[in-house]
Amino acid sequence: MRRVILKIAMLASLSMPAVPAGAQQRPTGYPRSYDQLIADARVERQVSIYANADRAEMAPLILAFQRRYPGVTVRYADLGSTEIARRFVAETRGRKPSADLVWSSAMDLQGKLINDGFAQAYASPEKPALPASAVWKNMGFGVTAEPIGYVYNKKAIPDARAPRTHAALEALLRRDRRALTGKVTTFDPARSNVGYLYLAEDFAITRDTRSLVEAMAATRPVLATTTEPMLRAVAEGRQAIAYNVIGSYALERARRDPRIGVVFPQDYTIVTSRIAFIAREARHPAAAKLFLDFLLSRQGQSLLAQHSLWPVRTDIRARRLPAAQVRPIRVGPQLLVNLDRLKRQRFLRDWNAILTSGAQSQ
């Protein structure tokens, strides 16, 4: 578990030039009332953020925010998605200081927190630039549009043989089952909320998912709770293929590591979004609104795109998949379906049965 606090004001004072006097002016196109919001944020002096976007990827964006709004310190806690929800709820219920802004890739957990009354409504000036599917009740805002794919080791699976569809992946797993035994990795849906979300979405999209999972189970897959160990194992050759990995992390790794290849399945690619909301009990609500607006602005979205966090806005220059290929998970109440306790129990019971059957088929 990572708990890293970035004090951007200190970093800025050491590494950034003096801020122009006009840098504190409201962004172009924003209402005049925004001047008061900026003034209020400067009085608050800080904003606390709980997020699971890697701090190294976020540092340039936070520094750019500091340049625009000097005097507002950013405290960025880099946590796992489950820890974000657990800690935020416990602190809020205990009336202890907590996050002003909560931003996580665990879309269903974010949806539950919003539905349970932990968020406040905010009509962001950036809302007109966002897809309708990215905003829920003016509380939940989808900030990114990240594809979910699979990663392969190029020595174990040459590019020419890399499967480009789910059906091709299943065929590879069945054909090379013995060679791939112990060489396939994926999320453990019982221990990873995002892993459960992605796999549940697979089943919702096509009934063929069961056959694919059965083929995967026959290889005795190694189960993980986060993307990073899967990427590392594939790069080092301990694993040949990792299924349902977060594309933004995979692309960043592939940019600097030629040993791995990344595939976004041509038949369909799940696209997820990191949802942000302002806490109902935020102690620094004005600063939280400034930061959320910056995340959603053209500048903020462009900075995210530089680190493979594909922007949700369509007016930003960034790599995109063909519209017919993407299956976006909408920001909205349907996210709560996967959190139904009985449904989850049935799903995981079925998952475990498939794994057991696959192991016995060896």
# chains A, B, ... in the order shown; residues from 1 in each chain; ligands from 1
$ closest_atom_pairs --of "segment 219-296 of chain A" --to "segment 64-78 of chain A" --cutoff "9 Å" --atoms "only C-alpha atoms" --output "Markdown table"
| residue | atom | partner | partner_atom | distance |
| --- | --- | --- | --- | --- |
| A:Ala287 | CA | A:Val72 | CA | 7.2 |
| A:Leu290 | CA | A:Tyr69 | CA | 8.6 |
| A:Phe291 | CA | A:Phe65 | CA | 7.3 |
| A:Phe294 | CA | A:Phe65 | CA | 6.9 |
| A:Leu295 | CA | A:Phe65 | CA | 8.9 |
$ closest_residue --among "A:Arg319, A:Ile260, A:Leu296, A:Met139" --to "Asn115 of chain A" --atoms "only C-alpha atoms"
A:Met139
$ residues_around --residues "segment 344-353 of chain A" --least-positions-apart "2" --cutoff "9 Å" --atoms "only C-alpha atoms" --output "list in words"
Pro189, Ala190, Tyr196, Ala200, Val213, Asn338, Leu339, Asp340, Arg341, Leu342, Leu355, Thr356, Ser357 and Gly358 of chain A
$ write_last_selection --atoms "N, CA and C atoms" --output "PDB file, in the first residue's frame"
ATOM      1  N   PRO A 189     -10.576 -11.284  -9.065  1.00  0.00           N
ATOM      2  CA  PRO A 189     -11.794 -10.508  -8.813  1.00  0.00           C
ATOM      3  C   PRO A 189     -12.267 -10.568  -7.365  1.00  0.00           C
ATOM      4  N   ALA A 190     -11.780 -11.540  -6.609  1.00  0.00           N
ATOM      5  CA  ALA A 190     -12.160 -11.638  -5.197  1.00  0.00           C
ATOM      6  C   ALA A 190     -11.400 -10.638  -4.335  1.00  0.00           C
ATOM      7  N   TYR A 196     -12.696  -7.223 -10.540  1.00  0.00           N
ATOM      8  CA  TYR A 196     -14.077  -7.713 -10.532  1.00  0.00           C
ATOM      9  C   TYR A 196     -14.918  -6.913 -11.519  1.00  0.00           C
ATOM     10  N   ALA A 200     -16.682  -8.647 -14.743  1.00  0.00           N
ATOM     11  CA  ALA A 200     -18.145  -8.589 -14.784  1.00  0.00           C
ATOM     12  C   ALA A 200     -18.614  -7.908 -16.058  1.00  0.00           C
ATOM     13  N   VAL A 213     -12.685 -17.681 -20.030  1.00  0.00           N
ATOM     14  CA  VAL A 213     -12.230 -17.865 -18.652  1.00  0.00           C
ATOM     15  C   VAL A 213     -11.904 -19.324 -18.381  1.00  0.00           C
ATOM     16  N   ASN A 338     -22.977  -4.092  -9.725  1.00  0.00           N
ATOM     17  CA  ASN A 338     -21.900  -5.033  -9.425  1.00  0.00           C
ATOM     18  C   ASN A 338     -21.578  -5.105  -7.938  1.00  0.00           C
ATOM     19  N   LEU A 339     -22.101  -4.161  -7.144  1.00  0.00           N
ATOM     20  CA  LEU A 339     -21.822  -4.171  -5.711  1.00  0.00           C
ATOM     21  C   LEU A 339     -22.904  -4.892  -4.920  1.00  0.00           C
ATOM     22  N   ASP A 340     -23.929  -5.376  -5.603  1.00  0.00           N
ATOM     23  CA  ASP A 340     -24.954  -6.157  -4.912  1.00  0.00           C
ATOM     24  C   ASP A 340     -24.289  -7.385  -4.280  1.00  0.00           C
ATOM     25  N   ARG A 341     -24.460  -7.551  -2.982  1.00  0.00           N
ATOM     26  CA  ARG A 341     -23.733  -8.587  -2.250  1.00  0.00           C
ATOM     27  C   ARG A 341     -24.037  -9.985  -2.769  1.00  0.00           C
ATOM     28  N   LEU A 342     -25.320 -10.285  -3.009  1.00  0.00           N
ATOM     29  CA  LEU A 342     -25.680 -11.619  -3.470  1.00  0.00           C
ATOM     30  C   LEU A 342     -25.153 -11.889  -4.870  1.00  0.00           C
ATOM     31  N   LEU A 355     -12.158 -21.986 -11.879  1.00  0.00           N
ATOM     32  CA  LEU A 355     -10.731 -22.164 -11.578  1.00  0.00           C
ATOM     33  C   LEU A 355     -10.439 -23.578 -11.098  1.00  0.00           C
ATOM     34  N   THR A 356     -11.292 -24.094 -10.209  1.00  0.00           N
ATOM     35  CA  THR A 356     -11.089 -25.447  -9.681  1.00  0.00           C
ATOM     36  C   THR A 356     -11.194 -26.485 -10.790  1.00  0.00           C
ATOM     37  N   SER A 357     -12.203 -26.321 -11.651  1.00  0.00           N
ATOM     38  CA  SER A 357     -12.386 -27.250 -12.755  1.00  0.00           C
ATOM     39  C   SER A 357     -11.197 -27.208 -13.704  1.00  0.00           C
ATOM     40  N   GLY A 358     -10.687 -26.002 -13.959  1.00  0.00           N
ATOM     41  CA  GLY A 358      -9.527 -25.853 -14.848  1.00  0.00           C
ATOM     42  C   GLY A 358      -8.303 -26.512 -14.291  1.00  0.00           C
TER      43      GLY A 358
END
$ residues_around --residues "Leu335 of chain A" --least-positions-apart "2" --cutoff "6 Å" --atoms "only C-alpha atoms" --output "PyMOL selection string"
chain A and resi 108+333+337
$ write_last_selection --atoms "N, CA, C and O atoms" --output "short mmCIF file (atom, residue, chain, number, x, y, z; two decimals), in the first residue's frame"
data_model
loop_
_atom_site.label_atom_id
_atom_site.label_comp_id
_atom_site.auth_asym_id
_atom_site.auth_seq_id
_atom_site.Cartn_x
_atom_site.Cartn_y
_atom_site.Cartn_z
N ASP A 108 -17.10 1.42 -9.63
CA ASP A 108 -18.26 0.98 -8.84
C ASP A 108 -18.18 1.49 -7.41
O ASP A 108 -19.19 1.92 -6.83
N PRO A 333 -25.71 5.16 -12.18
CA PRO A 333 -26.23 4.22 -11.18
C PRO A 333 -26.03 2.75 -11.53
O PRO A 333 -26.06 1.90 -10.64
N VAL A 337 -24.84 -2.01 -9.60
CA VAL A 337 -25.30 -3.38 -9.77
C VAL A 337 -24.23 -4.38 -9.35
O VAL A 337 -24.51 -5.38 -8.69
#
$ closest_atom_pairs --of "segment 98-143 of chain A" --to "segment 51-54 of chain A" --cutoff "10 Å" --atoms "only C-alpha atoms" --output "Markdown table"
| residue | atom | partner | partner_atom | distance |
| --- | --- | --- | --- | --- |
| A:Ala99 | CA | A:Ala51 | CA | 9.4 |
| A:Leu101 | CA | A:Ala51 | CA | 8.4 |
| A:Val102 | CA | A:Ala51 | CA | 6.1 |
| A:Trp103 | CA | A:Ala51 | CA | 4.7 |
| A:Ser104 | CA | A:Ala51 | CA | 5.4 |
| A:Ser105 | CA | A:Asn52 | CA | 7.0 |
| A:Ala106 | CA | A:Asn52 | CA | 9.1 |
$ closest_residue --among "A:Ile329, A:His284, A:Thr314, A:Glu146" --to "Ile38 of chain A" --atoms "only C-alpha atoms"
A:His284
$ select_by_dssp --residues "segment 10-215 of chain A" --states "strand (DSSP E or B)" --output "VMD selection string"
chain A and resid 46 to 51 73 to 78 101 to 104 119 135 to 136 140 to 142 144 146 to 153 184 to 187
$ closest_residue --among "A:Met107, A:Pro60, A:Arg259, A:Pro27" --to "Thr144 of chain A" --atoms "only C-alpha atoms"
A:Met107
$ closest_atom_pairs --of "segment 256-302 of chain A" --to "segment 229-236 of chain A" --cutoff "12 Å" --atoms "only C-alpha atoms" --output "CSV"
residue,atom,partner,partner_atom,distance
A:Arg256,CA,A:Ala235,CA,10.9
A:Asp257,CA,A:Ala235,CA,7.5
A:Pro258,CA,A:Ala235,CA,8.5
A:Arg259,CA,A:Ala235,CA,5.6
A:Ile260,CA,A:Ala235,CA,5.7
A:Gly261,CA,A:Ala235,CA,9.2
A:Val262,CA,A:Leu231,CA,10.3
$ write_last_selection --atoms "N, CA and C atoms" --output "PDB file, in the first residue's frame"
ATOM      1  N   ARG A 256       8.894   2.361 -22.520  1.00  0.00           N
ATOM      2  CA  ARG A 256      10.293   2.287 -22.073  1.00  0.00           C
ATOM      3  C   ARG A 256      10.819   0.862 -21.968  1.00  0.00           C
ATOM      4  N   ASP A 257       9.972  -0.118 -22.300  1.00  0.00           N
ATOM      5  CA  ASP A 257      10.391  -1.518 -22.183  1.00  0.00           C
ATOM      6  C   ASP A 257       9.984  -2.276 -23.445  1.00  0.00           C
ATOM      7  N   PRO A 258      10.921  -2.514 -24.362  1.00  0.00           N
ATOM      8  CA  PRO A 258      10.591  -3.157 -25.638  1.00  0.00           C
ATOM      9  C   PRO A 258      10.255  -4.642 -25.519  1.00  0.00           C
ATOM     10  N   ARG A 259      10.341  -5.191 -24.319  1.00  0.00           N
ATOM     11  CA  ARG A 259      10.069  -6.630 -24.153  1.00  0.00           C
ATOM     12  C   ARG A 259       8.575  -6.947 -24.162  1.00  0.00           C
ATOM     13  N   ILE A 260       7.727  -5.948 -24.031  1.00  0.00           N
ATOM     14  CA  ILE A 260       6.296  -6.226 -23.943  1.00  0.00           C
ATOM     15  C   ILE A 260       5.522  -5.558 -25.077  1.00  0.00           C
ATOM     16  N   GLY A 261       4.422  -6.195 -25.451  1.00  0.00           N
ATOM     17  CA  GLY A 261       3.503  -5.644 -26.429  1.00  0.00           C
ATOM     18  C   GLY A 261       2.137  -5.456 -25.778  1.00  0.00           C
ATOM     19  N   VAL A 262       1.375  -4.510 -26.295  1.00  0.00           N
ATOM     20  CA  VAL A 262       0.053  -4.198 -25.741  1.00  0.00           C
ATOM     21  C   VAL A 262      -1.007  -4.384 -26.815  1.00  0.00           C
TER      22      VAL A 262
END
$ closest_residue --among "A:Arg298, A:Arg327, A:Lys155, A:Lys289" --to "Ser133 of chain A" --atoms "only C-alpha atoms"
A:Arg327
$ closest_residue --among "A:Val312, A:Ile84, A:Val222, A:Leu173" --to "Leu109 of chain A" --atoms "only C-alpha atoms"
A:Ile84
$ residues_around --residues "Ser211 of chain A" --least-positions-apart "2" --cutoff "12 Å" --atoms "only C-alpha atoms" --output "PDB file with N, CA and C atoms, in the first residue's frame"
ATOM      1  N   HIS A 166     -10.639 -11.415 -28.524  1.00  0.00           N
ATOM      2  CA  HIS A 166     -10.861 -12.327 -27.406  1.00  0.00           C
ATOM      3  C   HIS A 166     -10.912 -13.780 -27.895  1.00  0.00           C
ATOM      4  N   ALA A 167     -11.522 -13.999 -29.050  1.00  0.00           N
ATOM      5  CA  ALA A 167     -11.598 -15.356 -29.594  1.00  0.00           C
ATOM      6  C   ALA A 167     -10.207 -15.881 -29.930  1.00  0.00           C
ATOM      7  N   LEU A 169      -7.455 -14.955 -28.489  1.00  0.00           N
ATOM      8  CA  LEU A 169      -6.782 -15.208 -27.223  1.00  0.00           C
ATOM      9  C   LEU A 169      -7.188 -16.566 -26.665  1.00  0.00           C
ATOM     10  N   GLU A 170      -8.482 -16.867 -26.699  1.00  0.00           N
ATOM     11  CA  GLU A 170      -8.950 -18.168 -26.228  1.00  0.00           C
ATOM     12  C   GLU A 170      -8.313 -19.301 -27.037  1.00  0.00           C
ATOM     13  N   ALA A 171      -8.249 -19.126 -28.353  1.00  0.00           N
ATOM     14  CA  ALA A 171      -7.653 -20.161 -29.209  1.00  0.00           C
ATOM     15  C   ALA A 171      -6.187 -20.386 -28.842  1.00  0.00           C
ATOM     16  N   LEU A 173      -4.788 -19.848 -25.887  1.00  0.00           N
ATOM     17  CA  LEU A 173      -4.729 -20.503 -24.581  1.00  0.00           C
ATOM     18  C   LEU A 173      -5.011 -21.991 -24.692  1.00  0.00           C
ATOM     19  N   ARG A 174      -5.950 -22.350 -25.538  1.00  0.00           N
ATOM     20  CA  ARG A 174      -6.283 -23.774 -25.688  1.00  0.00           C
ATOM     21  C   ARG A 174      -5.215 -24.521 -26.477  1.00  0.00           C
ATOM     22  N   ASP A 202     -16.961  -7.939 -18.909  1.00  0.00           N
ATOM     23  CA  ASP A 202     -16.747  -8.936 -19.960  1.00  0.00           C
ATOM     24  C   ASP A 202     -17.958  -9.858 -20.088  1.00  0.00           C
ATOM     25  N   PHE A 203     -18.433 -10.370 -18.958  1.00  0.00           N
ATOM     26  CA  PHE A 203     -19.574 -11.277 -18.973  1.00  0.00           C
ATOM     27  C   PHE A 203     -20.834 -10.567 -19.459  1.00  0.00           C
ATOM     28  N   THR A 206     -20.556 -10.262 -23.526  1.00  0.00           N
ATOM     29  CA  THR A 206     -20.716 -11.471 -24.336  1.00  0.00           C
ATOM     30  C   THR A 206     -20.691 -12.735 -23.476  1.00  0.00           C
ATOM     31  N   ARG A 207     -21.518 -13.689 -23.848  1.00  0.00           N
ATOM     32  CA  ARG A 207     -21.541 -14.979 -23.161  1.00  0.00           C
ATOM     33  C   ARG A 207     -20.286 -15.795 -23.443  1.00  0.00           C
ATOM     34  N   ASP A 208     -19.562 -15.426 -24.487  1.00  0.00           N
ATOM     35  CA  ASP A 208     -18.334 -16.145 -24.829  1.00  0.00           C
ATOM     36  C   ASP A 208     -17.255 -15.988 -23.758  1.00  0.00           C
ATOM     37  N   THR A 209     -17.449 -15.025 -22.854  1.00  0.00           N
ATOM     38  CA  THR A 209     -16.451 -14.796 -21.808  1.00  0.00           C
ATOM     39  C   THR A 209     -16.234 -16.045 -20.967  1.00  0.00           C
ATOM     40  N   VAL A 213     -12.685 -17.681 -20.030  1.00  0.00           N
ATOM     41  CA  VAL A 213     -12.230 -17.865 -18.652  1.00  0.00           C
ATOM     42  C   VAL A 213     -11.904 -19.324 -18.381  1.00  0.00           C
ATOM     43  N   GLU A 214     -12.679 -20.243 -18.943  1.00  0.00           N
ATOM     44  CA  GLU A 214     -12.389 -21.671 -18.785  1.00  0.00           C
ATOM     45  C   GLU A 214     -11.035 -22.022 -19.398  1.00  0.00           C
ATOM     46  N   ALA A 215     -10.759 -21.444 -20.565  1.00  0.00           N
ATOM     47  CA  ALA A 215      -9.464 -21.689 -21.208  1.00  0.00           C
ATOM     48  C   ALA A 215      -8.330 -21.104 -20.372  1.00  0.00           C
ATOM     49  N   MET A 216      -8.580 -19.954 -19.779  1.00  0.00           N
ATOM     50  CA  MET A 216      -7.582 -19.330 -18.917  1.00  0.00           C
ATOM     51  C   MET A 216      -7.355 -20.163 -17.658  1.00  0.00           C
ATOM     52  N   ALA A 217      -8.452 -20.663 -17.087  1.00  0.00           N
ATOM     53  CA  ALA A 217      -8.352 -21.461 -15.862  1.00  0.00           C
ATOM     54  C   ALA A 217      -7.520 -22.716 -16.074  1.00  0.00           C
ATOM     55  N   ALA A 218      -7.586 -23.285 -17.270  1.00  0.00           N
ATOM     56  CA  ALA A 218      -6.828 -24.508 -17.559  1.00  0.00           C
ATOM     57  C   ALA A 218      -5.324 -24.271 -17.555  1.00  0.00           C
ATOM     58  N   TRP A 351     -16.792 -18.152 -10.454  1.00  0.00           N
ATOM     59  CA  TRP A 351     -15.391 -17.945 -10.813  1.00  0.00           C
ATOM     60  C   TRP A 351     -14.506 -19.011 -10.168  1.00  0.00           C
ATOM     61  N   ILE A 354     -14.940 -22.404 -11.783  1.00  0.00           N
ATOM     62  CA  ILE A 354     -14.234 -22.497 -13.063  1.00  0.00           C
ATOM     63  C   ILE A 354     -12.746 -22.723 -12.828  1.00  0.00           C
ATOM     64  N   GLY A 358     -10.687 -26.002 -13.959  1.00  0.00           N
ATOM     65  CA  GLY A 358      -9.527 -25.853 -14.848  1.00  0.00           C
ATOM     66  C   GLY A 358      -8.303 -26.512 -14.291  1.00  0.00           C
TER      67      GLY A 358
END
